[in-house]
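K.L.:
PDB, C-alpha atoms and all ligand atoms, file work-v2.pdb:
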```
ATOM      1  CA  MET A1072      65.696 114.343 124.917  1.00  0.00           C
ATOM      2  CA  ASP A1073      67.955 114.693 127.934  1.00  0.00           C
ATOM      3  CA  LEU A1074      70.891 117.004 127.189  1.00  0.00           C
ATOM      4  CA  TYR A1075      73.568 114.569 128.394  1.00  0.00           C
ATOM      5  CA  GLU A1076      72.004 111.805 126.312  1.00  0.00           C
ATOM      6  CA  ALA A1077      72.081 114.074 123.260  1.00  0.00           C
ATOM      7  CA  ILE A1078      75.729 114.992 123.863  1.00  0.00           C
ATOM      8  CA  HIS A1079      76.819 111.379 124.243  1.00  0.00           C
ATOM      9  CA  ASN A1080      74.737 109.854 121.459  1.00  0.00           C
ATOM     10  CA  ARG A1081      75.172 112.459 118.716  1.00  0.00           C
ATOM     11  CA  ARG A1082      77.314 110.975 115.941  1.00  0.00           C
ATOM     12  CA  SER A1083      78.750 112.053 112.606  1.00  0.00           C
ATOM     13  CA  HIS A1084      76.494 110.528 109.942  1.00  0.00           C
ATOM     14  CA  ARG A1085      77.871 109.825 106.480  1.00  0.00           C
ATOM     15  CA  LEU A1086      74.949 108.108 104.741  1.00  0.00           C
ATOM     16  CA  TYR A1087      71.464 109.639 104.441  1.00  0.00           C
ATOM     17  CA  LYS A1088      67.996 108.780 103.204  1.00  0.00           C
ATOM     18  CA  PRO A1089      66.798 111.084 100.396  1.00  0.00           C
ATOM     19  CA  ASP A1090      63.683 112.175 102.367  1.00  0.00           C
ATOM     20  CA  LEU A1091      63.519 115.909 102.989  1.00  0.00           C
ATOM     21  CA  PRO A1092      63.079 116.901 106.655  1.00  0.00           C
ATOM     22  CA  SER A1093      60.222 119.353 107.213  1.00  0.00           C
ATOM     23  CA  LYS A1094      60.986 123.075 107.106  1.00  0.00           C
ATOM     24  CA  GLU A1095      59.514 123.468 110.624  1.00  0.00           C
ATOM     25  CA  VAL A1096      62.035 121.000 112.040  1.00  0.00           C
ATOM     26  CA  LEU A1097      64.913 122.622 110.159  1.00  0.00           C
ATOM     27  CA  GLU A1098      63.817 126.019 111.443  1.00  0.00           C
ATOM     28  CA  ARG A1099      63.842 124.744 115.051  1.00  0.00           C
ATOM     29  CA  VAL A1100      67.325 123.291 114.558  1.00  0.00           C
ATOM     30  CA  ILE A1101      68.636 126.539 113.069  1.00  0.00           C
ATOM     31  CA  ASP A1102      67.027 128.572 115.836  1.00  0.00           C
ATOM     32  CA  ALA A1103      68.880 126.413 118.382  1.00  0.00           C
ATOM     33  CA  GLY A1104      72.090 127.219 116.523  1.00  0.00           C
ATOM     34  CA  LEU A1105      71.366 130.922 116.625  1.00  0.00           C
ATOM     35  CA  TRP A1106      70.906 130.813 120.413  1.00  0.00           C
ATOM     36  CA  ALA A1107      74.591 129.960 120.841  1.00  0.00           C
ATOM     37  CA  PRO A1108      76.690 132.363 122.897  1.00  0.00           C
ATOM     38  CA  SER A1109      78.909 134.735 120.931  1.00  0.00           C
ATOM     39  CA  GLY A1110      81.778 137.065 121.773  1.00  0.00           C
ATOM     40  CA  THR A1111      80.363 140.528 122.693  1.00  0.00           C
ATOM     41  CA  ASN A1112      77.055 139.013 121.542  1.00  0.00           C
ATOM     42  CA  ALA A1113      78.171 140.047 118.057  1.00  0.00           C
ATOM     43  CA  GLN A1114      76.458 137.034 116.414  1.00  0.00           C
ATOM     44  CA  ALA A1115      78.874 137.558 113.544  1.00  0.00           C
ATOM     45  CA  TRP A1116      77.587 134.574 111.604  1.00  0.00           C
ATOM     46  CA  GLU A1117      75.291 133.652 108.754  1.00  0.00           C
ATOM     47  CA  ILE A1118      73.597 130.405 107.835  1.00  0.00           C
ATOM     48  CA  THR A1119      72.681 129.157 104.376  1.00  0.00           C
ATOM     49  CA  VAL A1120      70.370 126.169 103.993  1.00  0.00           C
ATOM     50  CA  LEU A1121      70.579 124.413 100.633  1.00  0.00           C
ATOM     51  CA  ALA A1122      68.284 121.815  99.116  1.00  0.00           C
ATOM     52  CA  GLY A1123      67.358 120.651  95.600  1.00  0.00           C
ATOM     53  CA  LYS A1124      69.337 122.075  92.676  1.00  0.00           C
ATOM     54  CA  ALA A1125      71.212 124.575  94.872  1.00  0.00           C
ATOM     55  CA  LYS A1126      72.333 121.770  97.168  1.00  0.00           C
ATOM     56  CA  ASP A1127      73.435 119.613  94.207  1.00  0.00           C
ATOM     57  CA  GLU A1128      75.460 122.470  92.712  1.00  0.00           C
ATOM     58  CA  PHE A1129      77.025 123.289  96.084  1.00  0.00           C
ATOM     59  CA  VAL A1130      77.938 119.634  96.730  1.00  0.00           C
ATOM     60  CA  GLU A1131      79.442 119.366  93.243  1.00  0.00           C
ATOM     61  CA  LEU A1132      81.682 122.346  94.008  1.00  0.00           C
ATOM     62  CA  ALA A1133      82.508 121.015  97.485  1.00  0.00           C
ATOM     63  CA  SER A1134      83.666 117.694  96.021  1.00  0.00           C
ATOM     64  CA  GLY A1135      86.458 119.695  94.380  1.00  0.00           C
ATOM     65  CA  CYS A1136      88.291 119.291  97.707  1.00  0.00           C
ATOM     66  CA  ILE A1137      88.902 115.570  97.052  1.00  0.00           C
ATOM     67  CA  PRO A1138      92.187 115.941  95.098  1.00  0.00           C
ATOM     68  CA  TYR A1139      93.551 118.167  97.906  1.00  0.00           C
ATOM     69  CA  MET A1140      92.597 115.669 100.591  1.00  0.00           C
ATOM     70  CA  GLU A1141      93.998 112.554  98.942  1.00  0.00           C
ATOM     71  CA  PRO A1142      97.697 113.221  99.670  1.00  0.00           C
ATOM     72  CA  LEU A1143      96.875 114.221 103.260  1.00  0.00           C
ATOM     73  CA  LEU A1144      94.974 110.992 103.878  1.00  0.00           C
ATOM     74  CA  GLU A1145      97.847 108.997 102.425  1.00  0.00           C
ATOM     75  CA  LYS A1146     100.348 110.874 104.584  1.00  0.00           C
ATOM     76  CA  ALA A1147      98.188 110.225 107.660  1.00  0.00           C
ATOM     77  CA  GLY A1148      98.411 106.483 106.911  1.00  0.00           C
ATOM     78  CA  VAL A1149      94.691 106.018 106.192  1.00  0.00           C
ATOM     79  CA  PRO A1150      94.399 102.624 104.424  1.00  0.00           C
ATOM     80  CA  GLU A1151      93.135 102.417 100.813  1.00  0.00           C
ATOM     81  CA  LYS A1152      89.633 101.257 101.857  1.00  0.00           C
ATOM     82  CA  GLY A1153      89.293 104.186 104.277  1.00  0.00           C
ATOM     83  CA  ARG A1154      90.516 106.623 101.616  1.00  0.00           C
ATOM     84  CA  GLN A1155      87.890 105.338  99.170  1.00  0.00           C
ATOM     85  CA  MET A1156      85.191 105.750 101.829  1.00  0.00           C
ATOM     86  CA  VAL A1157      86.221 109.332 102.556  1.00  0.00           C
ATOM     87  CA  LYS A1158      86.293 110.138  98.839  1.00  0.00           C
ATOM     88  CA  GLY A1159      82.866 108.541  98.339  1.00  0.00           C
ATOM     89  CA  PHE A1160      81.407 110.619 101.167  1.00  0.00           C
ATOM     90  CA  PHE A1161      82.840 113.893  99.893  1.00  0.00           C
ATOM     91  CA  LYS A1162      81.482 113.148  96.411  1.00  0.00           C
ATOM     92  CA  ASN A1163      77.812 113.462  97.403  1.00  0.00           C
ATOM     93  CA  LEU A1164      77.838 114.048 101.197  1.00  0.00           C
ATOM     94  CA  GLY A1165      76.192 110.692 101.741  1.00  0.00           C
ATOM     95  CA  GLY A1166      73.191 111.641  99.618  1.00  0.00           C
ATOM     96  CA  ALA A1167      71.948 114.125 102.226  1.00  0.00           C
ATOM     97  CA  PRO A1168      68.872 116.063 101.019  1.00  0.00           C
ATOM     98  CA  VAL A1169      69.960 119.291 102.767  1.00  0.00           C
ATOM     99  CA  VAL A1170      73.281 120.971 103.443  1.00  0.00           C
ATOM    100  CA  ILE A1171      73.806 123.827 105.891  1.00  0.00           C
ATOM    101  CA  ALA A1172      76.741 126.192 105.464  1.00  0.00           C
ATOM    102  CA  ILE A1173      77.906 128.361 108.359  1.00  0.00           C
ATOM    103  CA  THR A1174      79.865 131.486 107.495  1.00  0.00           C
ATOM    104  CA  ILE A1175      81.361 134.063 109.841  1.00  0.00           C
ATOM    105  CA  TYR A1176      82.345 137.687 109.387  1.00  0.00           C
ATOM    106  CA  LYS A1177      86.008 138.558 109.108  1.00  0.00           C
ATOM    107  CA  ALA A1178      87.090 140.662 112.083  1.00  0.00           C
ATOM    108  CA  LYS A1179      89.646 143.477 111.968  1.00  0.00           C
ATOM    109  CA  ASP A1180      91.903 141.981 114.628  1.00  0.00           C
ATOM    110  CA  GLU A1181      93.076 138.516 115.605  1.00  0.00           C
ATOM    111  CA  GLU A1182      91.319 138.487 118.986  1.00  0.00           C
ATOM    112  CA  MET A1183      87.890 139.249 117.541  1.00  0.00           C
ATOM    113  CA  GLN A1184      88.516 136.773 114.748  1.00  0.00           C
ATOM    114  CA  MET A1185      89.151 134.104 117.381  1.00  0.00           C
ATOM    115  CA  ALA A1186      85.926 135.128 119.137  1.00  0.00           C
ATOM    116  CA  ASN A1187      83.987 134.908 115.864  1.00  0.00           C
ATOM    117  CA  THR A1188      85.457 131.484 115.154  1.00  0.00           C
ATOM    118  CA  GLN A1189      84.639 130.140 118.600  1.00  0.00           C
ATOM    119  CA  SER A1190      81.157 131.665 118.491  1.00  0.00           C
ATOM    120  CA  GLY A1191      80.544 130.023 115.124  1.00  0.00           C
ATOM    121  CA  ALA A1192      81.722 126.683 116.516  1.00  0.00           C
ATOM    122  CA  ALA A1193      79.243 127.044 119.390  1.00  0.00           C
ATOM    123  CA  LEU A1194      76.518 127.663 116.814  1.00  0.00           C
ATOM    124  CA  VAL A1195      77.502 124.510 114.920  1.00  0.00           C
ATOM    125  CA  GLN A1196      77.500 122.346 118.045  1.00  0.00           C
ATOM    126  CA  ASN A1197      74.078 123.695 119.139  1.00  0.00           C
ATOM    127  CA  LEU A1198      72.749 122.951 115.683  1.00  0.00           C
ATOM    128  CA  LEU A1199      74.167 119.413 115.644  1.00  0.00           C
ATOM    129  CA  LEU A1200      72.717 118.588 119.055  1.00  0.00           C
ATOM    130  CA  ALA A1201      69.306 120.017 118.170  1.00  0.00           C
ATOM    131  CA  ALA A1202      69.292 118.026 114.925  1.00  0.00           C
ATOM    132  CA  HIS A1203      70.082 114.882 116.891  1.00  0.00           C
ATOM    133  CA  ALA A1204      67.242 115.632 119.304  1.00  0.00           C
ATOM    134  CA  GLU A1205      64.938 115.949 116.253  1.00  0.00           C
ATOM    135  CA  GLY A1206      66.042 112.527 114.966  1.00  0.00           C
ATOM    136  CA  LEU A1207      68.244 113.964 112.209  1.00  0.00           C
ATOM    137  CA  GLY A1208      71.831 113.109 111.376  1.00  0.00           C
ATOM    138  CA  THR A1209      74.575 115.633 110.669  1.00  0.00           C
ATOM    139  CA  CYS A1210      78.339 115.689 110.090  1.00  0.00           C
ATOM    140  CA  TRP A1211      80.461 118.722 110.987  1.00  0.00           C
ATOM    141  CA  MET A1212      82.769 119.162 107.974  1.00  0.00           C
ATOM    142  CA  THR A1213      85.767 121.371 107.341  1.00  0.00           C
ATOM    143  CA  GLY A1214      87.460 119.185 104.697  1.00  0.00           C
ATOM    144  CA  VAL A1215      85.651 121.233 102.064  1.00  0.00           C
ATOM    145  CA  LEU A1216      87.567 124.356 103.096  1.00  0.00           C
ATOM    146  CA  PHE A1217      90.157 123.448 100.458  1.00  0.00           C
ATOM    147  CA  VAL A1218      87.651 124.971  98.040  1.00  0.00           C
ATOM    148  CA  GLU A1219      86.457 127.707 100.398  1.00  0.00           C
ATOM    149  CA  LYS A1220      86.701 130.478  97.793  1.00  0.00           C
ATOM    150  CA  GLN A1221      84.566 128.635  95.242  1.00  0.00           C
ATOM    151  CA  LEU A1222      81.960 127.809  97.895  1.00  0.00           C
ATOM    152  CA  LEU A1223      81.831 131.391  99.223  1.00  0.00           C
ATOM    153  CA  ASP A1224      81.459 132.702  95.680  1.00  0.00           C
ATOM    154  CA  TYR A1225      78.588 130.289  95.128  1.00  0.00           C
ATOM    155  CA  LEU A1226      76.934 131.480  98.343  1.00  0.00           C
ATOM    156  CA  GLY A1227      77.426 135.095  97.278  1.00  0.00           C
ATOM    157  CA  LYS A1228      79.483 135.800 100.411  1.00  0.00           C
ATOM    158  CA  PRO A1229      83.031 136.293  99.098  1.00  0.00           C
ATOM    159  CA  ASP A1230      83.942 138.632 101.994  1.00  0.00           C
ATOM    160  CA  GLN A1231      83.084 136.141 104.729  1.00  0.00           C
ATOM    161  CA  GLN A1232      84.880 133.061 106.034  1.00  0.00           C
ATOM    162  CA  LEU A1233      83.385 129.610 105.574  1.00  0.00           C
ATOM    163  CA  LEU A1234      83.509 128.005 109.005  1.00  0.00           C
ATOM    164  CA  ALA A1235      81.986 124.607 108.294  1.00  0.00           C
ATOM    165  CA  ILE A1236      79.214 122.813 106.495  1.00  0.00           C
ATOM    166  CA  THR A1237      77.009 119.960 107.573  1.00  0.00           C
ATOM    167  CA  PRO A1238      74.781 117.636 105.629  1.00  0.00           C
ATOM    168  CA  ILE A1239      71.496 117.130 107.462  1.00  0.00           C
ATOM    169  CA  GLY A1240      68.805 114.515 107.007  1.00  0.00           C
ATOM    170  CA  PHE A1241      67.533 111.140 108.162  1.00  0.00           C
ATOM    171  CA  SER A1242      70.430 108.779 108.682  1.00  0.00           C
ATOM    172  CA  ALA A1243      70.551 105.652 106.507  1.00  0.00           C
ATOM    173  CA  LYS A1244      73.252 103.926 108.532  1.00  0.00           C
ATOM    174  CA  GLU A1245      74.020 103.983 112.232  1.00  0.00           C
ATOM    175  CA  PRO A1246      77.664 105.061 112.491  1.00  0.00           C
ATOM    176  CA  PRO A1247      80.150 103.406 114.848  1.00  0.00           C
ATOM    177  CA  VAL A1248      81.027 105.185 118.093  1.00  0.00           C
ATOM    178  CA  PRO A1249      84.563 106.548 117.824  1.00  0.00           C
ATOM    179  CA  PRO A1250      86.146 106.123 121.257  1.00  0.00           C
ATOM    180  CA  ARG A1251      87.236 109.158 123.242  1.00  0.00           C
ATOM    181  CA  LYS A1252      90.802 109.458 124.564  1.00  0.00           C
ATOM    182  CA  GLU A1253      91.727 109.717 128.203  1.00  0.00           C
ATOM    183  CA  ARG A1254      92.737 113.335 128.669  1.00  0.00           C
ATOM    184  CA  GLU A1255      94.163 114.882 131.785  1.00  0.00           C
ATOM    185  CA  VAL A1256      91.640 116.978 133.685  1.00  0.00           C
ATOM    186  CA  ARG A1257      93.346 118.977 136.418  1.00  0.00           C
ATOM    187  CA  TRP A1258      91.359 119.936 139.491  1.00  0.00           C
ATOM    188  CA  LEU A1259      93.178 122.693 141.311  1.00  0.00           C
ATOM    189  CA  GLY A1260      92.164 124.064 144.658  1.00  0.00           C
ATOM    190  CA  PHE A1261      89.526 121.466 145.503  1.00  0.00           C
TER     191      PHE A1261
HETATM  192  C1  LIG A1301      86.078 120.874 113.288  1.00  0.00           C
HETATM  193  C2  LIG A1301      85.633 119.535 112.759  1.00  0.00           C
HETATM  194  C3  LIG A1301      85.859 119.225 111.431  1.00  0.00           C
HETATM  195  C4  LIG A1301      85.437 118.006 110.906  1.00  0.00           C
HETATM  196  N1  LIG A1301      85.592 117.774 109.557  1.00  0.00           N
HETATM  197  C5  LIG A1301      85.144 116.606 109.042  1.00  0.00           C
HETATM  198  C6  LIG A1301      85.220 116.391 107.636  1.00  0.00           C
HETATM  199  O1  LIG A1301      85.679 117.233 106.879  1.00  0.00           O
HETATM  200  N2  LIG A1301      84.767 115.205 107.149  1.00  0.00           N
HETATM  201  C7  LIG A1301      84.223 114.252 107.965  1.00  0.00           C
HETATM  202  O2  LIG A1301      83.816 113.199 107.464  1.00  0.00           O
HETATM  203  N3  LIG A1301      84.132 114.434 109.302  1.00  0.00           N
HETATM  204  C8  LIG A1301      84.556 115.588 109.845  1.00  0.00           C
HETATM  205  N4  LIG A1301      84.417 115.822 111.205  1.00  0.00           N
HETATM  206  C9  LIG A1301      83.754 114.816 112.053  1.00  0.00           C
HETATM  207  C10 LIG A1301      84.772 114.051 112.920  1.00  0.00           C
HETATM  208  O3  LIG A1301      85.463 113.134 112.119  1.00  0.00           O
HETATM  209  C11 LIG A1301      84.001 113.350 114.049  1.00  0.00           C
HETATM  210  O4  LIG A1301      83.394 114.311 114.864  1.00  0.00           O
HETATM  211  C12 LIG A1301      84.904 112.476 114.930  1.00  0.00           C
HETATM  212  O5  LIG A1301      85.437 111.418 114.187  1.00  0.00           O
HETATM  213  C13 LIG A1301      84.140 111.894 116.129  1.00  0.00           C
HETATM  214  O6  LIG A1301      83.014 111.171 115.702  1.00  0.00           O
HETATM  215  P1  LIG A1301      81.529 111.535 116.187  1.00  0.00           P
HETATM  216  O7  LIG A1301      81.218 112.929 115.706  1.00  0.00           O
HETATM  217  O8  LIG A1301      80.622 110.508 115.553  1.00  0.00           O
HETATM  218  O9  LIG A1301      81.500 111.456 117.690  1.00  0.00           O
HETATM  219  C14 LIG A1301      84.810 117.041 111.745  1.00  0.00           C
HETATM  220  C15 LIG A1301      84.581 117.371 113.095  1.00  0.00           C
HETATM  221  C16 LIG A1301      84.968 118.605 113.587  1.00  0.00           C
HETATM  222  C17 LIG A1301      84.654 118.949 115.024  1.00  0.00           C
END
```
Let me see the file written as structure tokens.
P.N.:
Amino acid sequence: MDLYEAIHNRRSHRLYKPDLPSKEVLERVIDAGLWAPSGTNAQAWEITVLAGKAKDEFVELASGCIPYMEPLLEKAGVPEKGRQMVKGFFKNLGGAPVVIAITIYKAKDEEMQMANTQSGAALVQNLLLAAHAEGLGTCWMTGVLFVEKQLLDYLGKPDQQLLAITPIGFSAKEPPVPPRKEREVRWLGF
């Protein structure tokens, strides 16, 4: 798949088929994530891939974020139908057969922490694009960070920071294309 095509056509998927993607494909996707650039090439990240009972237990814990999100959605003016949809998605992550959690190491100073965060984000984007190229859907999620401690404890990584999670699997519903905003791009010195 052409890179620009992948960038433009990748979407956040919120409904999945139960079919398990092959381990070979998942390994290729994760490898693409791990080839992301990182500050000082520290690669201060870890990936956990969950399926089956482990995935179900993790998703159950993650859904504990719903009560924290409800007031925020209301405050943001999300209509009742939208709020129900969000809650439904967070309950079982759209039925995805696999969930990937990305954790990063905690740095001693703010600057390195920022580098670790940005490096981890690069990993996530690589992973999402590779998944799309493999015909798999994903959804970058940070809403679950309301229950970060519980999730890190489950993963056995209480000293790390949970950066994001993504469900991954075959999409069961083509999502709409959220429009992009016009943003100023300044060209200086051309
Ligand atoms: C840092 C980050 C956090 C996000 N967290 C969530 C989330 O918790 N739940 C969710 O449904 N989508 C989440 N998203 C997905 C965005 O809603 C989505 O990327 C955006 O609406 C644009 O849609 P698209 O990805 O289909 O282009 C997140 C995306 C990013 C980059």
K.L.:
Give as a PDB file with C-alpha atoms, in the coordinates of the input every residue, naming chains and numbers as the document does, that has an atom within 6 Å of (76.6, 128.5, 94.5), counting all atoms listed in the file.
P.N.:
```pdb
ATOM      1  CA  PHE A1129      77.025 123.289  96.084  1.00  0.00           C
ATOM      2  CA  TYR A1225      78.588 130.289  95.128  1.00  0.00           C
ATOM      3  CA  LEU A1226      76.934 131.480  98.343  1.00  0.00           C
TER       4      LEU A1226
END
```
K.L.:
Go through A:Gly1206, A:Met1072, A:Lys1162, A:Tyr1176 one by one, measure the shortest atom-to-atom distance of each to ligand LIG 1301 (chain A) using all atoms listed in the file, and give the residue with the smallest value.
P.N.:
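So, comparing all the options, the nearest one is A:Lys1162.
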K.L.:
Which chains and residue numbers are within 7 Å of ligand LIG 1301 (chain A), counting all atoms listed in the file, if I want them as a short mmCIF file (atom, residue, chain, number, x, y, z; two decimals) with C-alpha atoms, in the coordinates of the input?
P.N.:
```cif
data_model
loop_
_atom_site.label_atom_id
_atom_site.label_comp_id
_atom_site.auth_asym_id
_atom_site.auth_seq_id
_atom_site.Cartn_x
_atom_site.Cartn_y
_atom_site.Cartn_z
CA ARG A 1081 75.17 112.46 118.72
CA ARG A 1082 77.31 110.98 115.94
CA SER A 1083 78.75 112.05 112.61
CA HIS A 1084 76.49 110.53 109.94
CA ARG A 1085 77.87 109.82 106.48
CA VAL A 1157 86.22 109.33 102.56
CA CYS A 1210 78.34 115.69 110.09
CA TRP A 1211 80.46 118.72 110.99
CA MET A 1212 82.77 119.16 107.97
CA THR A 1213 85.77 121.37 107.34
CA GLY A 1214 87.46 119.18 104.70
CA VAL A 1215 85.65 121.23 102.06
CA PRO A 1246 77.66 105.06 112.49
CA VAL A 1248 81.03 105.18 118.09
CA PRO A 1249 84.56 106.55 117.82
#
```
K.L.:
Which residues, protein or nucleic acid, reach to within 12 Å of (71.8, 118.9, 115.8) in the file's coordinates when using all atoms listed in the file, and can you give that as a count of residues only?
P.N.:
43
K.L.:
Using the chain letters and numbers from this file, what does the PyMOL selection byres (((chain A and resi 1141) around 12) and not hetatm) select? Give the answer as a list in words.
P.N.:
Ser1134, Gly1135, Cys1136, Ile1137, Pro1138, Tyr1139, Met1140, Pro1142, Leu1143, Leu1144, Glu1145, Lys1146, Ala1147, Gly1148, Val1149, Pro1150, Glu1151, Gly1153, Arg1154, Gln1155, Met1156, Val1157, Lys1158, Gly1159, Phe1161, Gly1214 and Phe1217 of chain A
K.L.:
Choose the residue, out of A:Leu1086, A:Val1120, A:Ala1113, A:Ile1175, that has the smallest atom-to-atom separation from Pro1229 (chain A); count all atoms listed in the file.
P.N.:
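The shortest atom-to-atom distance to Pro1229 (chain A) comes from A:Ile1175.
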K.L.:
Apply the PyMOL selection byres (((chain A and resi 1222) around 12) and not hetatm) to the structure shown and report the selected residues as number ranges by chain.
P.N.:
A: 1119, 1125-1126, 1128-1136, 1172-1174, 1215-1221, 1223-1236
K.L.:
Can you measure CA of Asp1090 (chain A) to CA of Lys1124 (chain A) for me? One decimal in Å is fine.
P.N.:
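Atom-to-atom, CA of Asp1090 (chain A) to CA of Lys1124 (chain A), that is 15.0 Å.
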K.L.:
As an exercise, work out the distance from CA of Arg1254 (chain A) to CA of Thr1188 (chain A) in Å and give it to one decimal place.
P.N.:
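One can read the CA of Arg1254 (chain A) to CA of Thr1188 (chain A) distance as 23.8 Å.
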K.L.:
Could you jot down the CA of Met1185 (chain A) to CA of Pro1108 (chain A) separation for me, Å, one decimal place?
P.N.:
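Separation between CA of Met1185 (chain A) and CA of Pro1108 (chain A): 13.7 Å.
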K.L.:
Which residues, named as in the file, does the PyMOL selection byres (((chain A and resi 1167-1169) around 6) and not hetatm) pick out? Answer as a list in words.
P.N.:
Tyr1087, Pro1089, Leu1091, Leu1121, Ala1122, Leu1164, Gly1165, Gly1166, Val1170, Pro1238, Ile1239 and Gly1240 of chain A
K.L.:
Mind working out the centre and edge lengths of an axis-aligned box for region 1209-1225 of chain A, all listed atoms inside, 8 Å added to each side, rounded to one decimal in Å and written as JSON?
P.N.:
```
{"center_x": 82.4, "center_y": 124.2, "center_z": 103.1, "size_x": 31.6, "size_y": 33.1, "size_z": 31.9}
```
K.L.:
Pick the closest to Asn1163 (chain A) from A:Ala1243, A:Asp1127, A:Trp1258, A:Trp1116: which is it, counting all atoms listed in the file?
P.N.:
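For Asn1163 (chain A), the nearest of the given residues is A:Asp1127.
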K.L.:
Missing atoms in region 1188-1199 of chain A need filling: write out N, CA and C atoms for it as a PDB file, in the frame of the given file.
P.N.:
```
ATOM      1  N   THR A1188      85.281 132.902 115.482  1.00  0.00           N
ATOM      2  CA  THR A1188      85.457 131.484 115.154  1.00  0.00           C
ATOM      3  C   THR A1188      84.845 130.605 116.246  1.00  0.00           C
ATOM      4  N   GLN A1189      85.159 130.949 117.493  1.00  0.00           N
ATOM      5  CA  GLN A1189      84.639 130.140 118.600  1.00  0.00           C
ATOM      6  C   GLN A1189      83.117 130.258 118.693  1.00  0.00           C
ATOM      7  N   SER A1190      82.610 131.459 118.448  1.00  0.00           N
ATOM      8  CA  SER A1190      81.157 131.665 118.491  1.00  0.00           C
ATOM      9  C   SER A1190      80.481 130.811 117.408  1.00  0.00           C
ATOM     10  N   GLY A1191      81.084 130.828 116.227  1.00  0.00           N
ATOM     11  CA  GLY A1191      80.544 130.023 115.124  1.00  0.00           C
ATOM     12  C   GLY A1191      80.562 128.545 115.453  1.00  0.00           C
ATOM     13  N   ALA A1192      81.621 128.102 116.134  1.00  0.00           N
ATOM     14  CA  ALA A1192      81.722 126.683 116.516  1.00  0.00           C
ATOM     15  C   ALA A1192      80.624 126.336 117.521  1.00  0.00           C
ATOM     16  N   ALA A1193      80.328 127.278 118.422  1.00  0.00           N
ATOM     17  CA  ALA A1193      79.243 127.044 119.390  1.00  0.00           C
ATOM     18  C   ALA A1193      77.915 126.903 118.646  1.00  0.00           C
ATOM     19  N   LEU A1194      77.738 127.745 117.635  1.00  0.00           N
ATOM     20  CA  LEU A1194      76.518 127.663 116.814  1.00  0.00           C
ATOM     21  C   LEU A1194      76.416 126.267 116.189  1.00  0.00           C
ATOM     22  N   VAL A1195      77.520 125.815 115.601  1.00  0.00           N
ATOM     23  CA  VAL A1195      77.502 124.510 114.920  1.00  0.00           C
ATOM     24  C   VAL A1195      77.146 123.397 115.914  1.00  0.00           C
ATOM     25  N   GLN A1196      77.771 123.417 117.077  1.00  0.00           N
ATOM     26  CA  GLN A1196      77.500 122.346 118.045  1.00  0.00           C
ATOM     27  C   GLN A1196      76.041 122.369 118.513  1.00  0.00           C
ATOM     28  N   ASN A1197      75.501 123.572 118.768  1.00  0.00           N
ATOM     29  CA  ASN A1197      74.078 123.695 119.139  1.00  0.00           C
ATOM     30  C   ASN A1197      73.206 123.064 118.059  1.00  0.00           C
ATOM     31  N   LEU A1198      73.527 123.415 116.822  1.00  0.00           N
ATOM     32  CA  LEU A1198      72.749 122.951 115.683  1.00  0.00           C
ATOM     33  C   LEU A1198      72.795 121.417 115.567  1.00  0.00           C
ATOM     34  N   LEU A1199      73.992 120.860 115.745  1.00  0.00           N
ATOM     35  CA  LEU A1199      74.167 119.413 115.644  1.00  0.00           C
ATOM     36  C   LEU A1199      73.378 118.680 116.735  1.00  0.00           C
TER      37      LEU A1199
END
```
